[in-house]
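Q: Got a file for you: coords.csv, CSV, C-alpha atoms and all ligand atoms.
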chain,number,residue,atom,x,y,z
W,1,MET,CA,-8.7,26.0,-3.7
W,2,ALA,CA,-5.1,26.3,-5.1
W,3,ARG,CA,-4.4,24.8,-8.5
W,4,VAL,CA,-1.3,22.5,-8.7
W,5,ALA,CA,0.1,21.2,-12.0
W,6,VAL,CA,1.6,17.6,-12.0
W,7,MET,CA,3.7,17.1,-15.0
W,8,GLY,CA,3.7,13.4,-15.7
W,9,ALA,CA,0.7,11.0,-15.3
W,10,GLY,CA,2.7,7.9,-14.6
W,11,SER,CA,2.2,5.9,-11.4
W,12,TRP,CA,3.8,8.3,-9.1
W,13,GLY,CA,2.5,11.5,-10.7
W,14,THR,CA,-1.0,10.1,-10.5
W,15,ALA,CA,-0.7,8.9,-6.9
W,16,VAL,CA,0.8,12.3,-5.9
W,17,GLY,CA,-2.1,14.1,-7.8
W,18,LYS,CA,-4.5,12.1,-5.7
W,19,VAL,CA,-2.7,13.0,-2.4
W,20,LEU,CA,-2.8,16.7,-3.4
W,21,ALA,CA,-6.5,16.5,-4.2
W,22,ASP,CA,-7.2,14.7,-1.0
W,23,ALA,CA,-5.4,17.5,0.8
W,24,GLY,CA,-7.6,20.1,-0.9
W,25,SER,CA,-5.9,21.2,-4.1
W,26,GLU,CA,-7.3,21.4,-7.6
W,27,VAL,CA,-4.9,19.1,-9.6
W,28,VAL,CA,-4.2,19.1,-13.3
W,29,LEU,CA,-2.1,16.3,-14.6
W,30,TRP,CA,-0.1,16.5,-17.8
W,31,ALA,CA,-0.3,13.2,-19.6
W,32,ARG,CA,1.8,12.2,-22.7
W,33,ARG,CA,-0.9,10.1,-24.2
W,34,ASP,CA,-4.5,11.1,-25.1
W,35,GLU,CA,-6.0,7.8,-23.8
W,36,VAL,CA,-4.5,8.4,-20.3
W,37,ALA,CA,-5.9,12.0,-20.1
W,38,LEU,CA,-9.3,10.7,-21.4
W,39,GLY,CA,-9.4,7.9,-18.8
W,40,ILE,CA,-8.7,10.4,-16.0
W,41,ASN,CA,-11.3,13.0,-17.2
W,42,GLU,CA,-14.1,10.6,-18.2
W,43,ARG,CA,-13.6,7.6,-15.8
W,44,HIS,CA,-11.5,9.2,-13.0
W,45,CYS,CA,-9.0,6.4,-13.4
W,46,ASN,CA,-5.5,6.0,-14.8
W,47,GLU,CA,-6.0,2.4,-16.1
W,48,LYS,CA,-2.4,2.1,-17.5
W,49,TYR,CA,-0.5,3.0,-14.4
W,50,LEU,CA,-2.9,2.6,-11.4
W,51,PRO,CA,-5.7,0.3,-12.4
W,52,GLY,CA,-8.6,0.1,-10.0
W,53,ILE,CA,-7.8,3.4,-8.2
W,54,VAL,CA,-10.6,6.0,-8.3
W,55,LEU,CA,-9.3,9.5,-8.5
W,56,PRO,CA,-11.2,12.5,-6.9
W,57,ALA,CA,-13.2,14.7,-9.3
W,58,THR,CA,-10.8,17.5,-8.5
W,59,VAL,CA,-8.1,15.6,-10.5
W,60,THR,CA,-8.3,16.3,-14.2
W,61,ALA,CA,-5.7,15.8,-17.0
W,62,SER,CA,-4.6,17.3,-20.3
W,63,THR,CA,-2.0,16.6,-22.9
W,64,ASP,CA,-1.5,20.3,-23.5
W,65,PRO,CA,1.3,21.6,-21.1
W,66,ALA,CA,0.2,25.2,-21.7
W,67,GLU,CA,-3.3,24.4,-20.4
W,68,VAL,CA,-1.9,22.5,-17.4
W,69,LEU,CA,0.7,25.2,-16.4
W,70,SER,CA,-1.5,28.2,-16.8
W,71,GLY,CA,-2.7,29.4,-13.4
W,72,SER,CA,-0.6,26.8,-11.5
W,73,HIS,CA,1.7,28.4,-9.0
W,74,GLU,CA,3.1,25.1,-7.8
W,75,VAL,CA,4.4,22.6,-10.4
W,76,VAL,CA,5.2,19.0,-9.5
W,77,LEU,CA,7.7,17.3,-11.9
W,78,ALA,CA,6.8,13.6,-12.2
W,79,VAL,CA,8.7,12.4,-15.3
W,80,PRO,CA,11.7,10.1,-15.1
W,81,SER,CA,15.1,11.6,-14.4
W,82,GLN,CA,16.7,11.1,-17.8
W,83,SER,CA,13.8,12.7,-19.6
W,84,LEU,CA,13.3,15.6,-17.3
W,85,ARG,CA,15.6,18.1,-19.0
W,86,GLY,CA,14.1,17.6,-22.4
W,87,ASN,CA,10.6,17.9,-21.1
W,88,LEU,CA,11.3,20.9,-18.9
W,89,GLU,CA,13.0,22.8,-21.8
W,90,LYS,CA,9.7,22.6,-23.6
W,91,TRP,CA,7.7,23.8,-20.5
W,92,VAL,CA,10.0,26.5,-19.1
W,93,ASP,CA,8.4,29.4,-21.1
W,94,LEU,CA,4.9,28.3,-20.0
W,95,LEU,CA,5.6,28.5,-16.2
W,96,GLU,CA,3.8,31.2,-14.3
W,97,PRO,CA,6.4,33.9,-13.3
W,98,ASP,CA,6.1,33.1,-9.6
W,99,ALA,CA,5.9,29.3,-10.0
W,100,GLY,CA,7.7,27.0,-7.6
W,101,VAL,CA,8.8,23.5,-8.5
W,102,ILE,CA,8.7,20.2,-6.6
W,103,SER,CA,10.7,17.4,-8.1
W,104,LEU,CA,9.6,13.8,-7.5
W,105,ALA,CA,12.4,12.2,-9.6
W,106,LYS,CA,14.8,9.8,-8.0
W,107,GLY,CA,17.9,9.7,-10.2
W,108,ILE,CA,21.1,11.4,-11.3
W,109,GLU,CA,21.3,12.8,-14.9
W,110,THR,CA,23.6,10.8,-17.1
W,111,GLY,CA,26.4,12.8,-18.7
W,112,SER,CA,26.0,16.0,-16.6
W,113,LEU,CA,26.0,13.9,-13.3
W,114,MET,CA,23.6,16.5,-11.9
W,115,ARG,CA,21.0,16.0,-9.2
W,116,ILE,CA,17.5,16.7,-10.5
W,117,SER,CA,17.1,19.9,-8.6
W,118,GLU,CA,20.4,21.1,-10.2
W,119,VAL,CA,18.9,20.3,-13.6
W,120,VAL,CA,15.8,22.2,-12.8
W,121,ALA,CA,17.8,25.2,-11.6
W,122,GLU,CA,19.9,25.2,-14.8
W,123,VAL,CA,16.9,24.9,-17.2
W,124,THR,CA,14.5,27.3,-15.4
W,125,GLY,CA,16.9,29.8,-13.8
W,126,LEU,CA,14.9,29.4,-10.6
W,127,THR,CA,16.7,30.0,-7.3
W,128,ALA,CA,17.2,27.2,-4.8
W,129,ASP,CA,14.4,28.5,-2.5
W,130,LYS,CA,11.9,27.9,-5.3
W,131,ILE,CA,13.0,24.3,-5.9
W,132,ALA,CA,11.9,21.4,-3.6
W,133,ALA,CA,12.3,17.7,-3.7
W,134,LEU,CA,9.9,15.1,-2.3
W,135,SER,CA,11.4,11.7,-1.4
W,136,GLY,CA,10.7,8.9,0.9
W,137,PRO,CA,9.4,5.3,1.2
W,138,ASN,CA,6.5,5.8,-1.2
W,139,LEU,CA,5.5,3.0,-3.5
W,140,ALA,CA,2.9,4.6,-5.7
W,141,ARG,CA,0.3,1.8,-5.5
W,142,GLU,CA,0.2,1.8,-1.7
W,143,ILE,CA,0.0,5.6,-1.5
W,144,ALA,CA,-2.8,5.6,-4.1
W,145,GLU,CA,-4.7,3.0,-2.0
W,146,GLY,CA,-4.4,5.4,1.0
W,147,GLN,CA,-2.1,3.2,3.1
W,148,PRO,CA,-0.4,5.3,5.8
W,149,ALA,CA,3.1,6.5,5.0
W,150,ALA,CA,5.5,9.4,5.5
W,151,THR,CA,7.8,11.3,3.2
W,152,VAL,CA,10.3,14.2,3.2
W,153,ILE,CA,9.8,17.5,1.5
W,154,ALA,CA,13.3,19.1,1.2
W,155,CYS,CA,13.9,22.7,0.4
W,156,THR,CA,16.6,25.2,1.4
W,157,ASP,CA,13.7,27.7,2.2
W,158,VAL,CA,12.2,26.4,5.5
W,159,ASP,CA,9.0,28.5,5.0
W,160,ARG,CA,8.4,27.1,1.6
W,161,ALA,CA,9.0,23.5,2.8
W,162,ALA,CA,6.4,24.1,5.6
W,163,ARG,CA,3.9,25.5,3.1
W,164,LEU,CA,4.4,22.4,0.9
W,165,GLN,CA,4.1,20.2,3.9
W,166,ASP,CA,0.6,21.6,4.4
W,167,ALA,CA,-0.3,21.2,0.8
W,168,PHE,CA,0.7,17.5,0.8
W,169,SER,CA,-0.6,16.5,4.2
W,170,THR,CA,-3.6,14.1,4.4
W,171,PRO,CA,-4.7,11.7,7.2
W,172,ASN,CA,-2.7,9.0,5.4
W,173,PHE,CA,0.3,10.9,4.0
W,174,ARG,CA,2.6,12.6,6.5
W,175,PRO,CA,5.4,14.8,5.1
W,176,TYR,CA,8.3,15.9,7.2
W,177,THR,CA,10.4,18.9,6.2
W,178,ASN,CA,14.2,18.9,5.7
W,179,THR,CA,16.6,21.6,4.4
W,180,ASP,CA,19.0,18.9,3.1
W,181,VAL,CA,18.1,18.7,-0.5
W,182,VAL,CA,21.4,17.1,-1.5
W,183,GLY,CA,20.9,14.3,1.1
W,184,CYS,CA,17.3,13.6,0.1
W,185,GLU,CA,18.1,13.5,-3.6
W,186,ILE,CA,21.2,11.3,-3.2
W,187,GLY,CA,19.3,8.9,-0.9
W,188,GLY,CA,16.4,8.7,-3.4
W,189,SER,CA,18.8,7.9,-6.3
W,190,THR,CA,21.2,5.5,-4.7
W,191,LYS,CA,18.5,3.3,-3.1
W,192,ASN,CA,17.3,2.4,-6.6
W,193,VAL,CA,20.7,0.9,-7.3
W,194,ILE,CA,20.9,-0.9,-4.0
W,195,ALA,CA,17.3,-2.3,-4.7
W,196,LEU,CA,18.7,-3.7,-8.0
W,197,VAL,CA,21.4,-5.5,-6.1
W,198,CYS,CA,18.9,-6.8,-3.5
W,199,GLY,CA,16.7,-8.0,-6.4
W,200,ILE,CA,19.7,-9.7,-8.1
W,201,ALA,CA,20.5,-11.5,-4.8
W,202,THR,CA,16.9,-12.6,-4.4
W,203,GLY,CA,16.8,-13.9,-8.0
W,204,MET,CA,20.0,-15.9,-7.2
W,205,GLY,CA,18.1,-17.6,-4.3
W,206,LEU,CA,20.0,-15.8,-1.5
W,207,GLY,CA,18.3,-15.1,1.8
W,208,ASP,CA,17.7,-12.6,4.6
W,209,ASN,CA,21.3,-12.3,5.9
W,210,THR,CA,22.5,-11.4,2.5
W,211,MET,CA,19.7,-8.9,2.1
W,212,ALA,CA,20.4,-7.2,5.5
W,213,THR,CA,24.1,-7.0,4.6
W,214,LEU,CA,23.3,-5.4,1.2
W,215,VAL,CA,20.8,-2.9,2.7
W,216,THR,CA,23.3,-1.9,5.5
W,217,ARG,CA,26.4,-1.7,3.3
W,218,GLY,CA,24.3,0.0,0.6
W,219,LEU,CA,23.3,2.6,3.2
W,220,ALA,CA,27.0,3.0,4.1
W,221,GLU,CA,28.1,3.7,0.5
W,222,SER,CA,25.1,6.0,-0.1
W,223,THR,CA,25.9,8.0,3.0
W,224,ARG,CA,29.6,8.3,2.0
W,225,LEU,CA,28.6,9.7,-1.4
W,226,GLY,CA,26.1,12.1,0.1
W,227,VAL,CA,28.5,13.4,2.8
W,228,ALA,CA,31.2,14.0,0.1
W,229,LEU,CA,28.7,16.1,-1.8
W,230,GLY,CA,27.8,18.2,1.2
W,231,ALA,CA,24.8,16.3,2.6
W,232,ASN,CA,24.0,15.8,6.3
W,233,GLN,CA,24.8,12.3,7.4
W,234,MET,CA,21.6,12.2,9.5
W,235,THR,CA,19.4,12.5,6.4
W,236,PHE,CA,20.5,9.0,5.5
W,237,ALA,CA,19.1,7.6,8.8
W,238,GLY,CA,15.7,9.2,7.9
W,239,LEU,CA,12.8,8.5,5.6
W,240,ALA,CA,14.6,9.6,2.4
W,241,GLY,CA,17.6,7.4,3.3
W,242,LEU,CA,17.0,4.2,5.3
W,243,GLY,CA,13.2,4.5,5.0
W,244,ASP,CA,13.2,4.5,1.3
W,245,LEU,CA,16.0,1.9,1.1
W,246,VAL,CA,14.1,-0.6,3.2
W,247,ALA,CA,10.8,-0.1,1.3
W,248,THR,CA,12.4,-0.4,-2.2
W,249,CYS,CA,14.8,-3.2,-1.3
W,250,THR,CA,12.1,-5.4,0.2
W,251,SER,CA,8.9,-4.7,-1.7
W,252,PRO,CA,7.7,-6.8,-4.6
W,253,LEU,CA,6.0,-3.6,-5.9
W,254,SER,CA,9.4,-2.0,-6.5
W,255,ARG,CA,10.3,-1.8,-10.2
W,256,ASN,CA,14.0,-1.7,-9.4
W,257,ARG,CA,14.0,-4.7,-7.1
W,258,THR,CA,11.8,-6.7,-9.5
W,259,PHE,CA,14.1,-5.8,-12.4
W,260,GLY,CA,17.1,-7.0,-10.4
W,261,GLU,CA,15.4,-10.2,-9.4
W,262,ARG,CA,14.9,-11.1,-13.1
W,263,LEU,CA,18.6,-10.4,-13.8
W,264,GLY,CA,19.5,-12.6,-10.9
W,265,ARG,CA,17.4,-15.4,-12.3
W,266,GLY,CA,19.5,-15.1,-15.5
W,267,GLU,CA,17.3,-13.0,-17.7
W,268,THR,CA,18.8,-10.4,-20.0
W,269,LEU,CA,18.5,-6.7,-19.6
W,270,GLU,CA,16.0,-6.6,-22.4
W,271,GLN,CA,13.9,-9.4,-20.8
W,272,ALA,CA,13.9,-7.6,-17.4
W,273,GLN,CA,13.0,-4.3,-19.1
W,274,GLU,CA,9.9,-5.9,-20.7
W,275,ALA,CA,8.7,-7.0,-17.3
W,276,THR,CA,8.4,-3.4,-16.0
W,277,ASN,CA,5.4,-2.9,-18.3
W,278,GLY,CA,6.8,0.3,-19.8
W,279,GLN,CA,7.5,1.8,-16.4
W,280,VAL,CA,10.9,3.2,-15.4
W,281,ALA,CA,13.5,1.4,-13.2
W,282,GLU,CA,15.6,4.4,-12.5
W,283,GLY,CA,18.6,2.5,-11.0
W,284,VAL,CA,19.5,0.9,-14.3
W,285,LYS,CA,20.6,4.2,-15.8
W,286,SER,CA,21.5,6.0,-12.6
W,287,CYS,CA,24.0,3.3,-11.6
W,288,THR,CA,26.2,4.7,-14.5
W,289,SER,CA,25.9,8.3,-13.3
W,290,ILE,CA,26.2,7.5,-9.6
W,291,ARG,CA,29.3,5.4,-10.3
W,292,SER,CA,30.9,8.3,-12.3
W,293,LEU,CA,30.0,10.7,-9.5
W,294,ALA,CA,31.5,8.5,-6.9
W,295,ARG,CA,34.7,8.0,-8.9
W,296,GLN,CA,34.9,11.8,-9.5
W,297,MET,CA,34.6,12.4,-5.7
W,298,GLY,CA,37.0,9.6,-4.8
W,299,VAL,CA,34.2,7.7,-2.9
W,300,GLU,CA,34.2,3.9,-2.8
W,301,MET,CA,30.8,2.4,-3.9
W,302,PRO,CA,31.4,-1.3,-4.4
W,303,LEU,CA,27.8,-2.3,-4.7
W,304,THR,CA,27.1,0.4,-7.2
W,305,GLU,CA,30.2,-0.8,-9.2
W,306,ALA,CA,28.8,-4.3,-9.0
W,307,VAL,CA,25.4,-3.3,-10.3
W,308,HIS,CA,27.0,-1.4,-13.1
W,309,GLU,CA,29.2,-4.4,-14.1
W,310,ILE,CA,26.1,-6.7,-14.2
W,311,CYS,CA,23.8,-4.3,-16.0
W,312,HIS,CA,26.1,-2.7,-18.4
W,313,GLU,CA,29.4,-4.7,-18.7
W,314,GLY,CA,28.1,-8.2,-19.1
W,315,GLY,CA,29.3,-9.2,-15.6
W,316,ASP,CA,28.2,-12.5,-14.3
W,317,ALA,CA,26.3,-12.1,-11.0
W,318,VAL,CA,27.9,-15.1,-9.3
W,319,GLU,CA,31.5,-14.0,-10.2
W,320,VAL,CA,30.7,-10.4,-9.1
W,321,ALA,CA,29.3,-11.6,-5.8
W,322,VAL,CA,32.4,-13.8,-5.1
W,323,ARG,CA,34.7,-10.8,-5.8
W,324,LEU,CA,32.6,-8.6,-3.5
W,325,MET,CA,33.1,-11.1,-0.7
W,326,ARG,CA,36.9,-11.3,-1.3
W,327,ARG,CA,37.5,-7.5,-1.0
W,328,SER,CA,40.1,-6.7,1.6
W,329,THR,CA,38.8,-6.8,5.2
W,330,LYS,CA,38.3,-3.5,7.0
W,331,PRO,CA,36.7,-1.9,10.2
W,332,GLU,CA,33.0,-1.1,9.9
D,401,LIG,N1,6.3,4.8,-8.9
D,401,LIG,C1,6.7,5.0,-7.6
D,401,LIG,O1,6.3,4.3,-6.8
D,401,LIG,C2,7.6,6.2,-7.3
D,401,LIG,C3,7.6,6.6,-6.0
D,401,LIG,C4,8.5,7.7,-5.7
D,401,LIG,C5,9.3,8.3,-6.7
D,401,LIG,N2,9.2,7.8,-8.0
D,401,LIG,C6,10.0,8.5,-8.9
D,401,LIG,O2,9.1,9.4,-9.7
D,401,LIG,C7,9.7,9.5,-11.0
D,401,LIG,C8,8.5,9.2,-12.0
D,401,LIG,O3,8.3,7.8,-11.9
D,401,LIG,P1,6.9,7.1,-12.2
D,401,LIG,O4,6.9,5.9,-11.3
D,401,LIG,O5,5.8,7.9,-12.2
D,401,LIG,O6,7.3,6.6,-13.7
D,401,LIG,P2,6.3,5.9,-14.7
D,401,LIG,O7,7.2,5.1,-15.6
D,401,LIG,O8,5.2,5.2,-14.0
D,401,LIG,O9,5.7,7.2,-15.5
D,401,LIG,C9,6.5,8.2,-16.1
D,401,LIG,C10,5.7,9.3,-16.7
D,401,LIG,O10,6.5,10.2,-17.3
D,401,LIG,C11,6.0,10.4,-18.7
D,401,LIG,N3,7.2,10.7,-19.6
D,401,LIG,C12,7.3,11.9,-20.1
D,401,LIG,N4,8.4,11.9,-20.9
D,401,LIG,C13,8.9,10.7,-20.9
D,401,LIG,C14,10.0,10.0,-21.5
D,401,LIG,N5,10.8,10.7,-22.4
D,401,LIG,N6,10.3,8.8,-21.2
D,401,LIG,C15,9.5,8.1,-20.3
D,401,LIG,N7,8.4,8.6,-19.7
D,401,LIG,C16,8.1,9.9,-20.0
D,401,LIG,C17,5.3,9.1,-19.0
D,401,LIG,O11,4.4,9.2,-20.0
D,401,LIG,C18,4.6,8.8,-17.7
D,401,LIG,O12,3.5,9.5,-17.6
D,401,LIG,C19,10.9,8.6,-11.1
D,401,LIG,O13,12.0,9.3,-11.0
D,401,LIG,C20,10.7,7.6,-10.0
D,401,LIG,O14,11.9,7.1,-9.5
D,401,LIG,C21,8.4,6.8,-8.3
D,402,LIG,O1,9.3,1.1,-8.0
D,402,LIG,P1,10.6,1.8,-7.7
D,402,LIG,O2,11.7,0.8,-7.5
D,402,LIG,O3,10.9,2.9,-8.7
D,402,LIG,O4,10.5,2.5,-6.3
D,402,LIG,C1,9.4,3.3,-6.0
D,402,LIG,C2,9.7,4.3,-4.9
D,402,LIG,O5,10.8,5.1,-5.2
D,402,LIG,C3,9.8,3.7,-3.6
D,402,LIG,O6,9.9,4.8,-2.6
Since I need it in another form, could you write the structure as structure tokens?
A:
Amino acid sequence: MARVAVMGAGSWGTAVGKVLADAGSEVVLWARRDEVALGINERHCNEKYLPGIVLPATVTASTDPAEVLSGSHEVVLAVPSQSLRGNLEKWVDLLEPDAGVISLAKGIETGSLMRISEVVAEVTGLTADKIAALSGPNLAREIAEGQPAATVIACTDVDRAARLQDAFSTPNFRPYTNTDVVGCEIGGSTKNVIALVCGIATGMGLGDNTMATLVTRGLAESTRLGVALGANQMTFAGLAGLGDLVATCTSPLSRNRTFGERLGRGETLEQAQEATNGQVAEGVKSCTSIRSLARQMGVEMPLTEAVHEICHEGGDAVEVAVRLMRRSTKPE
């Protein structure tokens, strides 16, 4: 049984740990807090992030990264995008010499404007064939409950992608492979921003036509950015593009959509933050980096601009919506 390290015992790290264990691996989770590690080891449950989910006995946890990384030849990174670099810098010397990395993060680093696989490459010195990204319509709670879903494992090395596909395959979790790491990472990051705007619209009391318009035009601007960065347009029609966009923009389980809904109801950023119960809504920070990246590339992203204005520039949602509708008319 291969040993896999999962660095981060939040909702997604824990759910992915369960998938890997169900698929036959021995899984060791790195948890930041003693009580989380203790709950997993003694009661097979992560009460803070996935209450009520029973983890297999082959999932254990530790707060000591050296203990978790020792003997692990595959390392899953499951911490939020903006904290990844800082954490990874502490872990890099503890990685096994032949270790490969799989990133679960869905964000763009603020400041550097790097995708997470680029951050991993810079910090670890690993080559692209050793770095994979997993992304798709995967709300942690539903995956942990064993509800059927699919995902994408992207890596420039097709053989490694296929090996990881095996390692993550269960009767209820179906990974597809893709070599388009750029497209998968951009799709996973931009959908959080579009989910925020869908949440804002829902909070304002708007209905399904508005929602469908936002999802479709959100996909259009995400695709424009991805293609400008070298992605394959078709990736955005797949699970890591449209699939994840639909799941996140429509599910009440999504932290980003829920966060947006509270903003749309008139709550402040701080009030909306409280409602996420300490969990990350990646789009709130990534809208800043995605907006900068789009401006740098000369790509128009009006919905991302709108989210940024509402979240970070004190923009009024109604005024922003009116302005979006008054933009100059154009062909689709
Ligand atoms: N939850 C989901 O349904 C889901 C699904 C797919 C992808 N993702 C992505 O996976 C990544 C991790 O998300 P999550 O849902 O597990 O997040 P979470 O908020 O549930 O947990 C984050 C984990 O990272 C740890 N951590 C370490 N350093 C941290 C720091 N400096 N600040 C905050 N947390 C820190 C926390 O202790 C916690 O264990 C995100 O990029 C998210 O977009 C989440
Ligand atoms: O809860 P969210 O909004 O971070 O979304 C979770 C997943 O990324 C959905 O695929």
Q: Counting only C-alpha atoms and all ligand atoms, what residues are within 6 Å of ligand LIG 402 (chain D), given as an NGL selection string?
A: :W and (136-139 or 192 or 244 or 248 or 254-257 or 281)
Q: Go through range 149-261 of chain W and flag each residue having an atom no more than 10 Å from range 98-111 of chain W; for those, report the closest pair of atoms plus their distance in Å to one decimal, using all atoms listed in the file, ordered by chain and rising number, as a tab-separated table.
A:
residue	atom	partner	partner_atom	distance
W:Ile153	CA	W:Ile102	CA	8.6
W:Ala154	CA	W:Ile102	CA	9.1
W:Cys155	CA	W:Ile102	CA	9.1
W:Arg160	CA	W:Gly100	CA	9.2
W:Ala161	CA	W:Ile102	CA	10.0
W:Leu164	CA	W:Ile102	CA	8.9
W:Cys184	CA	W:Lys106	CA	9.3
W:Glu185	CA	W:Lys106	CA	6.6
W:Ile186	CA	W:Gly107	CA	7.9
W:Gly187	CA	W:Lys106	CA	8.5
W:Gly188	CA	W:Lys106	CA	5.0
W:Ser189	CA	W:Gly107	CA	4.4
W:Thr190	CA	W:Gly107	CA	7.7
W:Lys191	CA	W:Lys106	CA	8.9
W:Asn192	CA	W:Lys106	CA	7.9
W:Val193	CA	W:Gly107	CA	9.7
Q: Nearest residue to Arg262 in chain W out of W:Ala201, W:Pro171, W:Lys48, W:Arg291, using all atoms listed in the file?
A: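 Selected residue with least distance to Arg262 in chain W: W:Ala201.
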Q: Neighbours of ligand LIG 401 (chain D) at 6 Å or closer, counting all atoms listed in the file: which residues, as a PyMOL selection string?
A: chain W and resi 8-13+31-32+78-81+83+104-107+138-140+279-280+282
Q: Excluding Thr63 in chain W and any residue of its chain fewer than 3 positions from it, enumerate the residues within 10 Å of it, using only C-alpha atoms, and give them as a PyMOL selection string.
A: chain W and resi 7-9+29-38+66-68
Q: How would the residues just chosen look if you wrote them out with C-alpha atoms as a PDB file, in the coordinates of the input?
A:
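out15.pdb written:
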ATOM      1  CA  MET W   7       3.700  17.100 -15.000  1.00  0.00           C
ATOM      2  CA  GLY W   8       3.700  13.400 -15.700  1.00  0.00           C
ATOM      3  CA  ALA W   9       0.700  11.000 -15.300  1.00  0.00           C
ATOM      4  CA  LEU W  29      -2.100  16.300 -14.600  1.00  0.00           C
ATOM      5  CA  TRP W  30      -0.100  16.500 -17.800  1.00  0.00           C
ATOM      6  CA  ALA W  31      -0.300  13.200 -19.600  1.00  0.00           C
ATOM      7  CA  ARG W  32       1.800  12.200 -22.700  1.00  0.00           C
ATOM      8  CA  ARG W  33      -0.900  10.100 -24.200  1.00  0.00           C
ATOM      9  CA  ASP W  34      -4.500  11.100 -25.100  1.00  0.00           C
ATOM     10  CA  GLU W  35      -6.000   7.800 -23.800  1.00  0.00           C
ATOM     11  CA  VAL W  36      -4.500   8.400 -20.300  1.00  0.00           C
ATOM     12  CA  ALA W  37      -5.900  12.000 -20.100  1.00  0.00           C
ATOM     13  CA  LEU W  38      -9.300  10.700 -21.400  1.00  0.00           C
ATOM     14  CA  ALA W  66       0.200  25.200 -21.700  1.00  0.00           C
ATOM     15  CA  GLU W  67      -3.300  24.400 -20.400  1.00  0.00           C
ATOM     16  CA  VAL W  68      -1.900  22.500 -17.400  1.00  0.00           C
TER      17      VAL W  68
END
Q: Taking 6 positions as the minimum chain separation for residues in the same chain, which residues sit within 8 Å of Ala144 in chain W when counting all atoms listed in the file? Answer as a PyMOL selection string.
A: chain W and resi 15-16+18-19+50+53
Q: Work out how far apart CA of Thr127 in chain W and CA of Gly86 in chain W are and give it in Å to one decimal.
A: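 Pair CA of Thr127 in chain W / CA of Gly86 in chain W returns 19.7 Å.
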Q: Residues near Ser117 in chain W, anyone? I mean within 8 Å using all atoms listed in the file, not counting same-chain ones fewer than 6 positions away, as number ranges by chain.
A: W: 103, 131-133
Q: Residues of the last selection are to be written out with C-alpha atoms, as a short mmCIF file (atom, residue, chain, number, x, y, z; two decimals), in the frame of the given file.
A:
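That gives us result31.cif:
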data_model
loop_
_atom_site.label_atom_id
_atom_site.label_comp_id
_atom_site.auth_asym_id
_atom_site.auth_seq_id
_atom_site.Cartn_x
_atom_site.Cartn_y
_atom_site.Cartn_z
CA SER W 103 10.70 17.40 -8.10
CA ILE W 131 13.00 24.30 -5.90
CA ALA W 132 11.90 21.40 -3.60
CA ALA W 133 12.30 17.70 -3.70
#
Q: Do you have the CA of Gln165 in chain W-CA of Leu55 in chain W distance handy?
A: 21.2 Å
Q: Let me make sure I understand: among W:Glu89, W:Glu305, W:Glu332, W:Glu122, which one has the smallest atom-to-atom distance to Thr288 in chain W if we use all atoms listed in the file?
A: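 Between W:Glu89, W:Glu305, W:Glu332, W:Glu122, the residue approaching Thr288 in chain W most closely is W:Glu305.
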Q: Given all atoms listed in the file as the basis, pick out the residue of W:Ala2, W:Leu225, W:Ile310, W:Leu214 nearest to Met325 in chain W.
A: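 Nearest candidate to Met325 in chain W out of W:Ala2, W:Leu225, W:Ile310, W:Leu214: W:Leu214.
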Q: Using only C-alpha atoms, can you tell me which of W:Val123, W:Lys90, W:Thr304, W:Thr268 comes closest to Ser289 in chain W?
A: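 Of W:Val123, W:Lys90, W:Thr304, W:Thr268, the one nearest Ser289 in chain W, counting only C-alpha atoms, is W:Thr304.
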Q: In Å to one decimal, how far is CA of Glu145 in chain W from CA of Arg163 in chain W?
A: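 CA of Glu145 in chain W lies at a distance of 24.6 Å from CA of Arg163 in chain W.
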Q: Using only C-alpha atoms, can you tell me which of W:Arg327, W:His73, W:Arg217, W:Arg174 comes closest to Leu303 in chain W?
A: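 Distance minimum relative to Leu303 in chain W lands on W:Arg217.
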Q: Tell me which of W:Leu324, W:Ala212, W:Ala61, W:Cys249 sits closest to Cys198 in chain W, counting all atoms listed in the file.
A: W:Cys249
Q: Counting all atoms listed in the file, which residues have an atom no more than 12 Å from (18.1, -2.1, -23.6) in the file's coordinates? Please list them as a ChimeraX atom specification.
A: /W:268-274,281,284-285,311-312
